[in-house]
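Here's start.cif, which has mmCIF, N, CA and C atoms:
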```cif
data_coords
#
loop_
_atom_site.label_atom_id
_atom_site.label_comp_id
_atom_site.auth_asym_id
_atom_site.auth_seq_id
_atom_site.Cartn_x
_atom_site.Cartn_y
_atom_site.Cartn_z
N MET A 1 0.85 -1.18 0.00
CA MET A 1 0.00 0.00 0.00
C MET A 1 0.89 1.24 0.00
N ALA A 2 0.53 2.22 -0.78
CA ALA A 2 1.28 3.48 -0.84
C ALA A 2 1.20 4.17 0.52
N PRO A 3 2.19 4.99 0.87
CA PRO A 3 2.20 5.62 2.18
C PRO A 3 0.96 6.45 2.50
N PHE A 4 0.29 7.01 1.49
CA PHE A 4 -0.88 7.84 1.76
C PHE A 4 -2.09 7.35 0.99
N ASP A 5 -2.44 6.10 1.18
CA ASP A 5 -3.62 5.53 0.54
C ASP A 5 -4.81 5.72 1.49
N LEU A 6 -5.48 6.86 1.36
CA LEU A 6 -6.59 7.19 2.25
C LEU A 6 -7.76 6.22 2.11
N THR A 7 -7.99 5.71 0.92
CA THR A 7 -9.13 4.80 0.72
C THR A 7 -8.96 3.54 1.55
N GLN A 8 -7.81 2.89 1.44
CA GLN A 8 -7.58 1.66 2.21
C GLN A 8 -7.50 1.95 3.70
N ASP A 9 -6.92 3.08 4.06
CA ASP A 9 -6.84 3.47 5.47
C ASP A 9 -8.26 3.60 6.05
N LEU A 10 -9.13 4.34 5.35
CA LEU A 10 -10.49 4.54 5.84
C LEU A 10 -11.29 3.25 5.86
N GLU A 11 -11.08 2.36 4.90
CA GLU A 11 -11.76 1.06 4.90
C GLU A 11 -11.36 0.26 6.14
N PHE A 12 -10.08 0.27 6.46
CA PHE A 12 -9.62 -0.45 7.65
C PHE A 12 -10.24 0.15 8.91
N ARG A 13 -10.28 1.47 9.01
CA ARG A 13 -10.87 2.12 10.18
C ARG A 13 -12.36 1.81 10.29
N ARG A 14 -13.08 1.81 9.17
CA ARG A 14 -14.51 1.46 9.20
C ARG A 14 -14.69 0.04 9.73
N LEU A 15 -13.85 -0.87 9.25
CA LEU A 15 -13.90 -2.26 9.71
C LEU A 15 -13.65 -2.32 11.22
N ALA A 16 -12.64 -1.62 11.69
CA ALA A 16 -12.29 -1.63 13.12
C ALA A 16 -13.41 -1.04 13.97
N PHE A 17 -13.92 0.12 13.58
CA PHE A 17 -14.99 0.76 14.37
C PHE A 17 -16.26 -0.08 14.36
N SER A 18 -16.58 -0.67 13.24
CA SER A 18 -17.77 -1.52 13.15
C SER A 18 -17.62 -2.73 14.07
N TRP A 19 -16.45 -3.36 14.05
CA TRP A 19 -16.21 -4.52 14.90
C TRP A 19 -16.28 -4.13 16.38
N LEU A 20 -15.66 -3.02 16.74
CA LEU A 20 -15.70 -2.57 18.14
C LEU A 20 -17.13 -2.24 18.57
N ASP A 21 -17.89 -1.62 17.69
CA ASP A 21 -19.27 -1.28 17.99
C ASP A 21 -20.08 -2.55 18.27
N SER A 22 -19.90 -3.54 17.43
CA SER A 22 -20.62 -4.81 17.61
C SER A 22 -20.16 -5.54 18.87
N LYS A 23 -18.84 -5.64 19.03
CA LYS A 23 -18.27 -6.39 20.16
C LYS A 23 -18.64 -5.76 21.51
N SER A 24 -18.76 -4.43 21.55
CA SER A 24 -19.07 -3.74 22.81
C SER A 24 -20.57 -3.49 22.98
N ALA A 25 -21.39 -4.14 22.15
CA ALA A 25 -22.84 -3.94 22.20
C ALA A 25 -23.17 -2.45 22.07
N ARG A 26 -22.59 -1.85 21.02
CA ARG A 26 -22.78 -0.43 20.71
C ARG A 26 -22.32 0.48 21.84
N GLY A 27 -21.21 0.09 22.47
CA GLY A 27 -20.61 0.91 23.51
C GLY A 27 -21.22 0.75 24.89
N SER A 28 -22.10 -0.22 25.05
CA SER A 28 -22.76 -0.38 26.35
C SER A 28 -21.96 -1.24 27.33
N ARG A 29 -20.88 -1.85 26.87
CA ARG A 29 -20.04 -2.60 27.79
C ARG A 29 -18.57 -2.44 27.45
N SER A 30 -17.74 -2.52 28.47
CA SER A 30 -16.29 -2.40 28.29
C SER A 30 -15.73 -3.69 27.71
N LEU A 31 -14.61 -3.57 27.04
CA LEU A 31 -13.93 -4.73 26.49
C LEU A 31 -12.59 -4.92 27.20
N SER A 32 -12.23 -6.15 27.41
CA SER A 32 -10.91 -6.45 27.99
C SER A 32 -9.87 -6.41 26.88
N ARG A 33 -8.61 -6.34 27.27
CA ARG A 33 -7.53 -6.38 26.27
C ARG A 33 -7.60 -7.68 25.48
N ILE A 34 -7.93 -8.76 26.13
CA ILE A 34 -8.04 -10.06 25.44
C ILE A 34 -9.10 -9.98 24.36
N GLU A 35 -10.26 -9.41 24.69
CA GLU A 35 -11.34 -9.28 23.70
C GLU A 35 -10.91 -8.37 22.55
N ILE A 36 -10.26 -7.27 22.85
CA ILE A 36 -9.82 -6.35 21.80
C ILE A 36 -8.81 -7.03 20.88
N ASN A 37 -7.96 -7.85 21.45
CA ASN A 37 -6.96 -8.55 20.64
C ASN A 37 -7.58 -9.59 19.71
N GLU A 38 -8.83 -9.98 19.97
CA GLU A 38 -9.51 -10.94 19.09
C GLU A 38 -9.70 -10.37 17.68
N PHE A 39 -9.71 -9.08 17.54
CA PHE A 39 -9.91 -8.44 16.23
C PHE A 39 -8.94 -9.00 15.21
N LYS A 40 -7.66 -8.97 15.51
CA LYS A 40 -6.62 -9.39 14.56
C LYS A 40 -6.76 -10.87 14.21
N ASP A 41 -7.17 -11.69 15.16
CA ASP A 41 -7.25 -13.13 14.93
C ASP A 41 -8.57 -13.60 14.33
N HIS A 42 -9.65 -12.83 14.51
CA HIS A 42 -10.97 -13.29 14.10
C HIS A 42 -11.59 -12.53 12.93
N VAL A 43 -10.95 -11.48 12.47
CA VAL A 43 -11.49 -10.72 11.34
C VAL A 43 -10.52 -10.90 10.17
N PRO A 44 -10.97 -11.59 9.11
CA PRO A 44 -10.05 -11.91 8.01
C PRO A 44 -9.35 -10.70 7.39
N GLN A 45 -10.02 -9.55 7.31
CA GLN A 45 -9.42 -8.38 6.69
C GLN A 45 -8.54 -7.57 7.65
N ALA A 46 -8.42 -8.01 8.88
CA ALA A 46 -7.67 -7.25 9.88
C ALA A 46 -6.16 -7.44 9.66
N ARG A 47 -5.52 -6.39 9.19
CA ARG A 47 -4.07 -6.43 8.96
C ARG A 47 -3.28 -6.08 10.21
N HIS A 48 -3.94 -5.43 11.15
CA HIS A 48 -3.24 -4.90 12.32
C HIS A 48 -4.04 -5.18 13.58
N ARG A 49 -3.36 -5.20 14.69
CA ARG A 49 -4.06 -5.18 15.98
C ARG A 49 -4.57 -3.75 16.17
N LEU A 50 -5.43 -3.56 17.17
CA LEU A 50 -6.05 -2.25 17.35
C LEU A 50 -5.31 -1.34 18.31
N PHE A 51 -4.38 -1.88 19.07
CA PHE A 51 -3.62 -1.04 20.00
C PHE A 51 -2.26 -1.63 20.23
N ASN A 52 -1.40 -0.82 20.83
CA ASN A 52 -0.03 -1.23 21.12
C ASN A 52 0.29 -0.85 22.56
N GLN A 53 -0.14 -1.66 23.49
CA GLN A 53 0.06 -1.41 24.92
C GLN A 53 -0.46 -0.03 25.30
N GLU A 54 0.39 0.79 25.91
CA GLU A 54 -0.01 2.16 26.28
C GLU A 54 0.52 3.12 25.22
N GLY A 55 -0.24 4.14 24.92
CA GLY A 55 0.27 5.18 24.05
C GLY A 55 -0.36 5.22 22.68
N ILE A 56 0.39 5.74 21.74
CA ILE A 56 -0.08 6.03 20.40
C ILE A 56 0.31 4.87 19.48
N TRP A 57 -0.65 4.39 18.68
CA TRP A 57 -0.39 3.26 17.78
C TRP A 57 -0.69 3.68 16.34
N LYS A 58 0.35 3.69 15.51
CA LYS A 58 0.20 3.99 14.10
C LYS A 58 0.90 2.91 13.29
N PRO A 59 0.13 1.96 12.76
CA PRO A 59 0.75 0.96 11.89
C PRO A 59 1.40 1.66 10.69
N ALA A 60 2.49 1.11 10.20
CA ALA A 60 3.29 1.75 9.15
C ALA A 60 2.50 2.06 7.88
N ASP A 61 1.55 1.21 7.50
CA ASP A 61 0.86 1.45 6.24
C ASP A 61 -0.43 2.27 6.39
N LEU A 62 -0.70 2.78 7.58
CA LEU A 62 -1.84 3.69 7.74
C LEU A 62 -1.33 5.12 7.69
N VAL A 63 -2.20 6.02 7.28
CA VAL A 63 -1.81 7.42 7.09
C VAL A 63 -1.52 8.11 8.41
N GLY A 64 -2.38 7.89 9.40
CA GLY A 64 -2.21 8.54 10.70
C GLY A 64 -2.45 7.56 11.83
N THR A 65 -2.40 8.07 13.03
CA THR A 65 -2.61 7.26 14.23
C THR A 65 -3.92 6.49 14.14
N LEU A 66 -3.88 5.22 14.51
CA LEU A 66 -5.09 4.38 14.56
C LEU A 66 -5.74 4.46 15.93
N SER A 67 -4.91 4.36 16.98
CA SER A 67 -5.50 4.36 18.32
C SER A 67 -4.57 5.00 19.34
N VAL A 68 -5.20 5.44 20.41
CA VAL A 68 -4.51 5.98 21.57
C VAL A 68 -5.01 5.17 22.77
N THR A 69 -4.08 4.70 23.57
CA THR A 69 -4.43 3.89 24.73
C THR A 69 -3.87 4.56 25.97
N SER A 70 -4.74 4.82 26.93
CA SER A 70 -4.33 5.44 28.19
C SER A 70 -4.68 4.53 29.35
N GLY A 71 -3.86 4.58 30.35
CA GLY A 71 -4.16 3.84 31.57
C GLY A 71 -5.15 4.60 32.43
N LEU A 72 -5.34 4.13 33.60
CA LEU A 72 -6.21 4.82 34.55
C LEU A 72 -5.62 6.19 34.89
N ALA A 73 -6.46 7.17 34.97
CA ALA A 73 -5.99 8.52 35.31
C ALA A 73 -5.30 8.52 36.66
N SER A 74 -5.72 7.67 37.56
CA SER A 74 -5.16 7.64 38.91
C SER A 74 -3.91 6.77 39.02
N SER A 75 -3.53 6.12 37.93
CA SER A 75 -2.39 5.21 37.97
C SER A 75 -1.07 5.98 38.05
N ARG A 76 -0.16 5.51 38.86
CA ARG A 76 1.15 6.15 38.94
C ARG A 76 1.98 5.87 37.67
N HIS A 77 1.51 4.91 36.86
CA HIS A 77 2.21 4.57 35.62
C HIS A 77 1.70 5.39 34.43
N ASN A 78 0.72 6.25 34.64
CA ASN A 78 0.18 7.06 33.56
C ASN A 78 0.69 8.49 33.71
N PRO A 79 1.69 8.87 32.90
CA PRO A 79 2.28 10.21 33.04
C PRO A 79 1.43 11.32 32.41
N TYR A 80 0.37 10.95 31.70
CA TYR A 80 -0.44 11.93 30.99
C TYR A 80 -1.79 12.13 31.68
N ILE A 81 -2.27 13.32 31.58
CA ILE A 81 -3.60 13.64 32.09
C ILE A 81 -4.49 13.87 30.87
N ASP A 82 -5.27 12.86 30.51
CA ASP A 82 -6.23 13.00 29.43
C ASP A 82 -7.50 13.57 30.04
N ARG A 83 -8.23 14.29 29.22
CA ARG A 83 -9.47 14.88 29.72
C ARG A 83 -10.54 14.73 28.66
N ILE A 84 -11.73 14.35 29.09
CA ILE A 84 -12.89 14.29 28.21
C ILE A 84 -13.60 15.63 28.36
N THR A 85 -13.80 16.34 27.25
CA THR A 85 -14.46 17.65 27.31
C THR A 85 -15.97 17.46 27.41
N SER A 86 -16.68 18.53 27.66
CA SER A 86 -18.14 18.46 27.76
C SER A 86 -18.77 18.08 26.41
N ASP A 87 -18.02 18.26 25.31
CA ASP A 87 -18.50 17.84 23.99
C ASP A 87 -18.21 16.38 23.70
N GLY A 88 -17.55 15.68 24.65
CA GLY A 88 -17.21 14.29 24.46
C GLY A 88 -15.92 14.06 23.70
N LEU A 89 -15.14 15.12 23.49
CA LEU A 89 -13.85 14.99 22.81
C LEU A 89 -12.76 14.71 23.84
N VAL A 90 -11.68 14.10 23.38
CA VAL A 90 -10.56 13.77 24.26
C VAL A 90 -9.44 14.77 24.05
N GLU A 91 -8.98 15.37 25.12
CA GLU A 91 -7.77 16.18 25.07
C GLU A 91 -6.62 15.27 25.48
N TYR A 92 -5.69 15.07 24.58
CA TYR A 92 -4.59 14.13 24.78
C TYR A 92 -3.30 14.87 24.49
N ALA A 93 -2.38 14.88 25.42
CA ALA A 93 -1.13 15.62 25.27
C ALA A 93 -0.16 14.89 24.35
N PHE A 94 0.53 15.65 23.51
CA PHE A 94 1.61 15.08 22.72
C PHE A 94 2.69 14.57 23.67
N THR A 95 3.43 13.57 23.20
CA THR A 95 4.56 13.09 23.99
C THR A 95 5.71 14.08 23.87
N ASP A 96 6.46 14.23 24.94
CA ASP A 96 7.63 15.10 24.87
C ASP A 96 8.92 14.30 24.76
N ALA A 97 8.80 12.99 24.63
CA ALA A 97 9.98 12.13 24.49
C ALA A 97 10.62 12.35 23.11
N PRO A 98 11.88 12.74 23.06
CA PRO A 98 12.54 13.02 21.78
C PRO A 98 12.52 11.81 20.83
N THR A 99 12.55 10.60 21.36
CA THR A 99 12.59 9.41 20.52
C THR A 99 11.21 9.00 20.00
N LYS A 100 10.16 9.69 20.45
CA LYS A 100 8.80 9.31 20.05
C LYS A 100 8.07 10.42 19.31
N GLN A 101 8.81 11.28 18.63
CA GLN A 101 8.17 12.37 17.90
C GLN A 101 7.34 11.86 16.72
N SER A 102 7.65 10.66 16.22
CA SER A 102 6.83 10.08 15.14
C SER A 102 5.41 9.82 15.64
N HIS A 103 5.24 9.58 16.94
CA HIS A 103 3.90 9.39 17.51
C HIS A 103 3.10 10.68 17.35
N ASN A 104 3.72 11.80 17.66
CA ASN A 104 3.04 13.09 17.51
C ASN A 104 2.70 13.35 16.05
N GLU A 105 3.60 12.98 15.15
CA GLU A 105 3.35 13.18 13.72
C GLU A 105 2.15 12.35 13.27
N GLY A 106 2.00 11.14 13.80
CA GLY A 106 0.84 10.32 13.46
C GLY A 106 -0.46 10.98 13.88
N LEU A 107 -0.45 11.62 15.04
CA LEU A 107 -1.64 12.36 15.49
C LEU A 107 -1.90 13.57 14.59
N ARG A 108 -0.85 14.26 14.20
CA ARG A 108 -1.02 15.43 13.31
C ARG A 108 -1.61 15.00 11.96
N LEU A 109 -1.11 13.88 11.43
CA LEU A 109 -1.62 13.40 10.14
C LEU A 109 -3.08 12.95 10.25
N ALA A 110 -3.45 12.32 11.36
CA ALA A 110 -4.84 11.92 11.55
C ALA A 110 -5.73 13.16 11.57
N GLU A 111 -5.27 14.21 12.22
CA GLU A 111 -6.05 15.46 12.23
C GLU A 111 -6.11 16.07 10.83
N LYS A 112 -4.98 16.12 10.16
CA LYS A 112 -4.92 16.74 8.83
C LYS A 112 -5.89 16.09 7.86
N TYR A 113 -5.98 14.75 7.91
CA TYR A 113 -6.83 14.02 6.97
C TYR A 113 -8.19 13.64 7.58
N ASP A 114 -8.48 14.21 8.77
CA ASP A 114 -9.76 14.00 9.44
C ASP A 114 -10.07 12.51 9.64
N LEU A 115 -9.06 11.78 10.11
CA LEU A 115 -9.20 10.34 10.33
C LEU A 115 -9.70 10.07 11.75
N PRO A 116 -10.66 9.19 11.90
CA PRO A 116 -11.11 8.84 13.24
C PRO A 116 -10.03 8.03 13.97
N ILE A 117 -9.91 8.28 15.26
CA ILE A 117 -8.93 7.59 16.10
C ILE A 117 -9.68 6.83 17.19
N ILE A 118 -9.29 5.60 17.41
CA ILE A 118 -9.87 4.80 18.49
C ILE A 118 -9.20 5.24 19.79
N TYR A 119 -10.00 5.46 20.82
CA TYR A 119 -9.46 5.86 22.12
C TYR A 119 -9.79 4.77 23.13
N PHE A 120 -8.76 4.10 23.63
CA PHE A 120 -8.91 3.08 24.65
C PHE A 120 -8.50 3.67 25.98
N ARG A 121 -9.34 3.51 26.96
CA ARG A 121 -9.06 4.02 28.30
C ARG A 121 -9.13 2.88 29.30
N GLY A 122 -8.11 2.76 30.12
CA GLY A 122 -8.13 1.73 31.15
C GLY A 122 -9.27 1.95 32.12
N SER A 123 -9.77 0.89 32.68
CA SER A 123 -10.83 0.99 33.67
C SER A 123 -10.47 0.14 34.87
N SER A 124 -11.15 0.39 35.94
CA SER A 124 -10.86 -0.35 37.17
C SER A 124 -11.93 -1.40 37.45
N HIS A 125 -12.65 -1.79 36.42
CA HIS A 125 -13.69 -2.79 36.62
C HIS A 125 -13.03 -4.11 37.05
N LEU A 126 -13.51 -4.63 38.13
CA LEU A 126 -13.01 -5.90 38.63
C LEU A 126 -14.13 -6.92 38.54
N ARG A 127 -13.79 -8.10 38.08
CA ARG A 127 -14.77 -9.17 38.05
C ARG A 127 -14.66 -9.96 39.33
N VAL A 128 -15.78 -10.17 39.98
CA VAL A 128 -15.77 -10.87 41.25
C VAL A 128 -16.42 -12.22 41.09
#
```
Reformat the file's structure so that it appears as structure tokens.
Amino acid sequence: MAPFDLTQDLEFRRLAFSWLDSKSARGSRSLSRIEINEFKDHVPQARHRLFNQEGIWKPADLVGTLSVTSGLASSRHNPYIDRITSDGLVEYAFTDAPTKQSHNEGLRLAEKYDLPIIYFRGSSHLRV
């Protein structure tokens, strides 16, 4: 795939969002990491997993960032303070790590081409 193939990029994102919508019962239930990882193994057209641990995930053949994954806001392992605005948008800080500036570029490209980004947020739901 060419570096800026918006058609294939958008098709993959539609597939991912549709699968997440179905798997989460239209957003009415949280998904575990194990469930999210089923995407790559159970969807024939899935070329990529949907996230890469914590942080910004941009597969090489996509135009911009595919997903952002944050831990719990209260976690000592989460150096970022993400905020959900009253409009339901996520304010997510760019990384200041010099070795991860490509992550910021992926976010800029997603904005430039108006690409939807999956936002995964850790939760403290415990199964008893």
Exercise for the section: Just list the residues in chain A DSSP gives strand (DSSP E) on the backbone, as a ChimeraX atom specification. Expected result: /A:55-57,67-70,83-84,90-91,118-121
Handout entry: For A:Asn104, the nearest of the candidates A:Leu20, A:Leu89, A:Leu10, A:Ile56, counting only N, CA and C atoms
Key =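 Once distances to A:Asn104 are computed over only N, CA and C atoms, the minimum belongs to A:Ile56.
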Handout entry: Nearby residues (only N, CA and C atoms) at most 8 Å from A:Arg83, same-chain spacing under 6 positions excluded, as a ChimeraX atom specification
Key = /A:89-93
Practice task
Just give me the gap between atom N of A:Lys58 and atom N of A:Asp41 in Å, one decimal is fine.
Solution key: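 Rounded to one decimal, the two atoms are 17.1 Å apart.
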Exercise for the section: Quick one: everything within 12 Å of A:Glu105, counting only C-alpha atoms, minus sequence neighbours fewer than 3 positions away in the same chain. Send it as a list in words. Expected result: Ile56, Trp57, Lys58, Val63, Gly64, Thr65, Phe94, Thr95, Lys100, Gln101, Ser102, Arg108, Leu109, Ala110, Glu111 and Lys112 of chain A
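Atom CA of A:Lys23 is found 14.5 Å from atom N of A:Tyr119.
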Handout entry: Members of stretch 23-120 of chain A assigned helix (DSSP H, G or I) by DSSP, as a PyMOL selection string
Key = chain A and resi 23+33-42+98-112
Handout entry: Distance in Å - atom CA of A:Ser24 versus atom CA of A:His42
Key = 15.3 Å
Handout entry: Pick from A:Leu50, A:Val68, A:Asp82, A:Gly27, whichever lies nearest to A:Arg121 using only N, CA and C atoms
Key =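 Nearest to A:Arg121: A:Val68.
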Handout entry: Counting only C-alpha atoms, the option among A:Leu15, A:Ala60, A:Ala25, A:Leu115 closest to A:Gln45
Key = A:Leu15
Completion exercise
The residue from A:Ser30, A:Ser70, A:Asn37, A:Ser18 with the smallest atom-to-atom distance to A:Gln53, counting only N, CA and C atoms, is A:Ser70
How would you write, as a short mmCIF file (atom, residue, chain, number, x, y, z; two decimals) with N, CA and C atoms, in the coordinates of the input, the residues chosen by the PyMOL selection byres ((chain A and resi 118) around 5) on this structure?
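Full text of selection33.cif as output:
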```cif
data_model
loop_
_atom_site.label_atom_id
_atom_site.label_comp_id
_atom_site.auth_asym_id
_atom_site.auth_seq_id
_atom_site.Cartn_x
_atom_site.Cartn_y
_atom_site.Cartn_z
N LEU A 66 -3.88 5.22 14.51
CA LEU A 66 -5.09 4.38 14.56
C LEU A 66 -5.74 4.46 15.93
N SER A 67 -4.91 4.36 16.98
CA SER A 67 -5.50 4.36 18.32
C SER A 67 -4.57 5.00 19.34
N VAL A 68 -5.20 5.44 20.41
CA VAL A 68 -4.51 5.98 21.57
C VAL A 68 -5.01 5.17 22.77
N PRO A 116 -10.66 9.19 11.90
CA PRO A 116 -11.11 8.84 13.24
C PRO A 116 -10.03 8.03 13.97
N ILE A 117 -9.91 8.28 15.26
CA ILE A 117 -8.93 7.59 16.10
C ILE A 117 -9.68 6.83 17.19
N TYR A 119 -10.00 5.46 20.82
CA TYR A 119 -9.46 5.86 22.12
C TYR A 119 -9.79 4.77 23.13
N PHE A 120 -8.76 4.10 23.63
CA PHE A 120 -8.91 3.08 24.65
C PHE A 120 -8.50 3.67 25.98
#
```
Exercise for the section: Counting all atoms listed in the file, figure out which residue out of A:Phe12, A:Asp87, A:Tyr113, A:Ser123 gets nearest to A:Ala46. Expected result: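 Closest to A:Ala46 of all the choices is A:Phe12.
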Fill-in result for stretch 38-47 of chain A, all heavy atoms as a PDB file, in the coordinates of the input:
```
ATOM      1  N   GLU A  38      -8.830  -9.980  19.970  1.00  0.00           N
ATOM      2  CA  GLU A  38      -9.510 -10.940  19.090  1.00  0.00           C
ATOM      3  C   GLU A  38      -9.700 -10.370  17.680  1.00  0.00           C
ATOM      4  O   GLU A  38      -9.853 -11.131  16.726  1.00  0.00           O
ATOM      5  CB  GLU A  38     -10.869 -11.340  19.677  1.00  0.00           C
ATOM      6  CG  GLU A  38     -10.762 -12.183  20.912  1.00  0.00           C
ATOM      7  CD  GLU A  38     -12.105 -12.439  21.572  1.00  0.00           C
ATOM      8  OE1 GLU A  38     -13.153 -11.980  21.051  1.00  0.00           O
ATOM      9  OE2 GLU A  38     -12.115 -13.113  22.609  1.00  0.00           O
ATOM     10  N   PHE A  39      -9.710  -9.080  17.540  1.00  0.00           N
ATOM     11  CA  PHE A  39      -9.910  -8.440  16.230  1.00  0.00           C
ATOM     12  C   PHE A  39      -8.940  -9.000  15.210  1.00  0.00           C
ATOM     13  O   PHE A  39      -9.335  -9.457  14.141  1.00  0.00           O
ATOM     14  CB  PHE A  39      -9.756  -6.921  16.363  1.00  0.00           C
ATOM     15  CG  PHE A  39      -9.824  -6.188  15.055  1.00  0.00           C
ATOM     16  CD1 PHE A  39     -11.038  -6.000  14.414  1.00  0.00           C
ATOM     17  CD2 PHE A  39      -8.679  -5.669  14.478  1.00  0.00           C
ATOM     18  CE1 PHE A  39     -11.112  -5.321  13.207  1.00  0.00           C
ATOM     19  CE2 PHE A  39      -8.749  -4.984  13.270  1.00  0.00           C
ATOM     20  CZ  PHE A  39      -9.965  -4.809  12.637  1.00  0.00           C
ATOM     21  N   LYS A  40      -7.660  -8.970  15.510  1.00  0.00           N
ATOM     22  CA  LYS A  40      -6.620  -9.390  14.560  1.00  0.00           C
ATOM     23  C   LYS A  40      -6.760 -10.870  14.210  1.00  0.00           C
ATOM     24  O   LYS A  40      -6.538 -11.262  13.077  1.00  0.00           O
ATOM     25  CB  LYS A  40      -5.238  -9.120  15.168  1.00  0.00           C
ATOM     26  CG  LYS A  40      -4.079  -9.570  14.301  1.00  0.00           C
ATOM     27  CD  LYS A  40      -3.701  -8.519  13.295  1.00  0.00           C
ATOM     28  CE  LYS A  40      -2.405  -8.782  12.617  1.00  0.00           C
ATOM     29  NZ  LYS A  40      -2.379  -9.824  11.644  1.00  0.00           N
ATOM     30  N   ASP A  41      -7.170 -11.690  15.160  1.00  0.00           N
ATOM     31  CA  ASP A  41      -7.250 -13.130  14.930  1.00  0.00           C
ATOM     32  C   ASP A  41      -8.570 -13.600  14.330  1.00  0.00           C
ATOM     33  O   ASP A  41      -8.629 -14.661  13.722  1.00  0.00           O
ATOM     34  CB  ASP A  41      -7.004 -13.879  16.238  1.00  0.00           C
ATOM     35  CG  ASP A  41      -5.610 -13.626  16.784  1.00  0.00           C
ATOM     36  OD1 ASP A  41      -4.683 -13.406  15.978  1.00  0.00           O
ATOM     37  OD2 ASP A  41      -5.450 -13.622  18.011  1.00  0.00           O
ATOM     38  N   HIS A  42      -9.650 -12.830  14.510  1.00  0.00           N
ATOM     39  CA  HIS A  42     -10.970 -13.290  14.100  1.00  0.00           C
ATOM     40  C   HIS A  42     -11.590 -12.530  12.930  1.00  0.00           C
ATOM     41  O   HIS A  42     -12.668 -12.904  12.471  1.00  0.00           O
ATOM     42  CB  HIS A  42     -11.935 -13.242  15.296  1.00  0.00           C
ATOM     43  CG  HIS A  42     -11.552 -14.210  16.367  1.00  0.00           C
ATOM     44  ND1 HIS A  42     -11.019 -13.810  17.572  1.00  0.00           N
ATOM     45  CD2 HIS A  42     -11.596 -15.559  16.412  1.00  0.00           C
ATOM     46  CE1 HIS A  42     -10.765 -14.874  18.308  1.00  0.00           C
ATOM     47  NE2 HIS A  42     -11.098 -15.948  17.634  1.00  0.00           N
ATOM     48  N   VAL A  43     -10.950 -11.480  12.470  1.00  0.00           N
ATOM     49  CA  VAL A  43     -11.490 -10.720  11.340  1.00  0.00           C
ATOM     50  C   VAL A  43     -10.520 -10.900  10.170  1.00  0.00           C
ATOM     51  O   VAL A  43      -9.383 -10.440  10.230  1.00  0.00           O
ATOM     52  CB  VAL A  43     -11.642  -9.218  11.713  1.00  0.00           C
ATOM     53  CG1 VAL A  43     -12.129  -8.422  10.521  1.00  0.00           C
ATOM     54  CG2 VAL A  43     -12.573  -9.055  12.905  1.00  0.00           C
ATOM     55  N   PRO A  44     -10.970 -11.590   9.110  1.00  0.00           N
ATOM     56  CA  PRO A  44     -10.050 -11.910   8.010  1.00  0.00           C
ATOM     57  C   PRO A  44      -9.350 -10.700   7.390  1.00  0.00           C
ATOM     58  O   PRO A  44      -8.194 -10.805   7.000  1.00  0.00           O
ATOM     59  CB  PRO A  44     -10.964 -12.586   6.974  1.00  0.00           C
ATOM     60  CG  PRO A  44     -12.115 -13.098   7.758  1.00  0.00           C
ATOM     61  CD  PRO A  44     -12.300 -12.144   8.911  1.00  0.00           C
ATOM     62  N   GLN A  45     -10.020  -9.550   7.310  1.00  0.00           N
ATOM     63  CA  GLN A  45      -9.420  -8.380   6.690  1.00  0.00           C
ATOM     64  C   GLN A  45      -8.540  -7.570   7.650  1.00  0.00           C
ATOM     65  O   GLN A  45      -7.987  -6.542   7.268  1.00  0.00           O
ATOM     66  CB  GLN A  45     -10.509  -7.428   6.149  1.00  0.00           C
ATOM     67  CG  GLN A  45     -11.510  -8.084   5.249  1.00  0.00           C
ATOM     68  CD  GLN A  45     -12.707  -8.655   6.015  1.00  0.00           C
ATOM     69  OE1 GLN A  45     -12.611  -9.027   7.179  1.00  0.00           O
ATOM     70  NE2 GLN A  45     -13.832  -8.749   5.345  1.00  0.00           N
ATOM     71  N   ALA A  46      -8.420  -8.010   8.880  1.00  0.00           N
ATOM     72  CA  ALA A  46      -7.670  -7.250   9.880  1.00  0.00           C
ATOM     73  C   ALA A  46      -6.160  -7.440   9.660  1.00  0.00           C
ATOM     74  O   ALA A  46      -5.622  -8.506   9.924  1.00  0.00           O
ATOM     75  CB  ALA A  46      -8.056  -7.692  11.286  1.00  0.00           C
ATOM     76  N   ARG A  47      -5.520  -6.390   9.190  1.00  0.00           N
ATOM     77  CA  ARG A  47      -4.070  -6.430   8.960  1.00  0.00           C
ATOM     78  C   ARG A  47      -3.280  -6.080  10.210  1.00  0.00           C
ATOM     79  O   ARG A  47      -2.088  -6.340  10.286  1.00  0.00           O
ATOM     80  CB  ARG A  47      -3.674  -5.440   7.867  1.00  0.00           C
ATOM     81  CG  ARG A  47      -4.428  -5.548   6.592  1.00  0.00           C
ATOM     82  CD  ARG A  47      -3.865  -4.608   5.532  1.00  0.00           C
ATOM     83  NE  ARG A  47      -3.850  -3.207   5.864  1.00  0.00           N
ATOM     84  CZ  ARG A  47      -4.864  -2.371   5.695  1.00  0.00           C
ATOM     85  NH1 ARG A  47      -6.016  -2.821   5.255  1.00  0.00           N
ATOM     86  NH2 ARG A  47      -4.748  -1.092   5.968  1.00  0.00           N
TER      87      ARG A  47
END
```
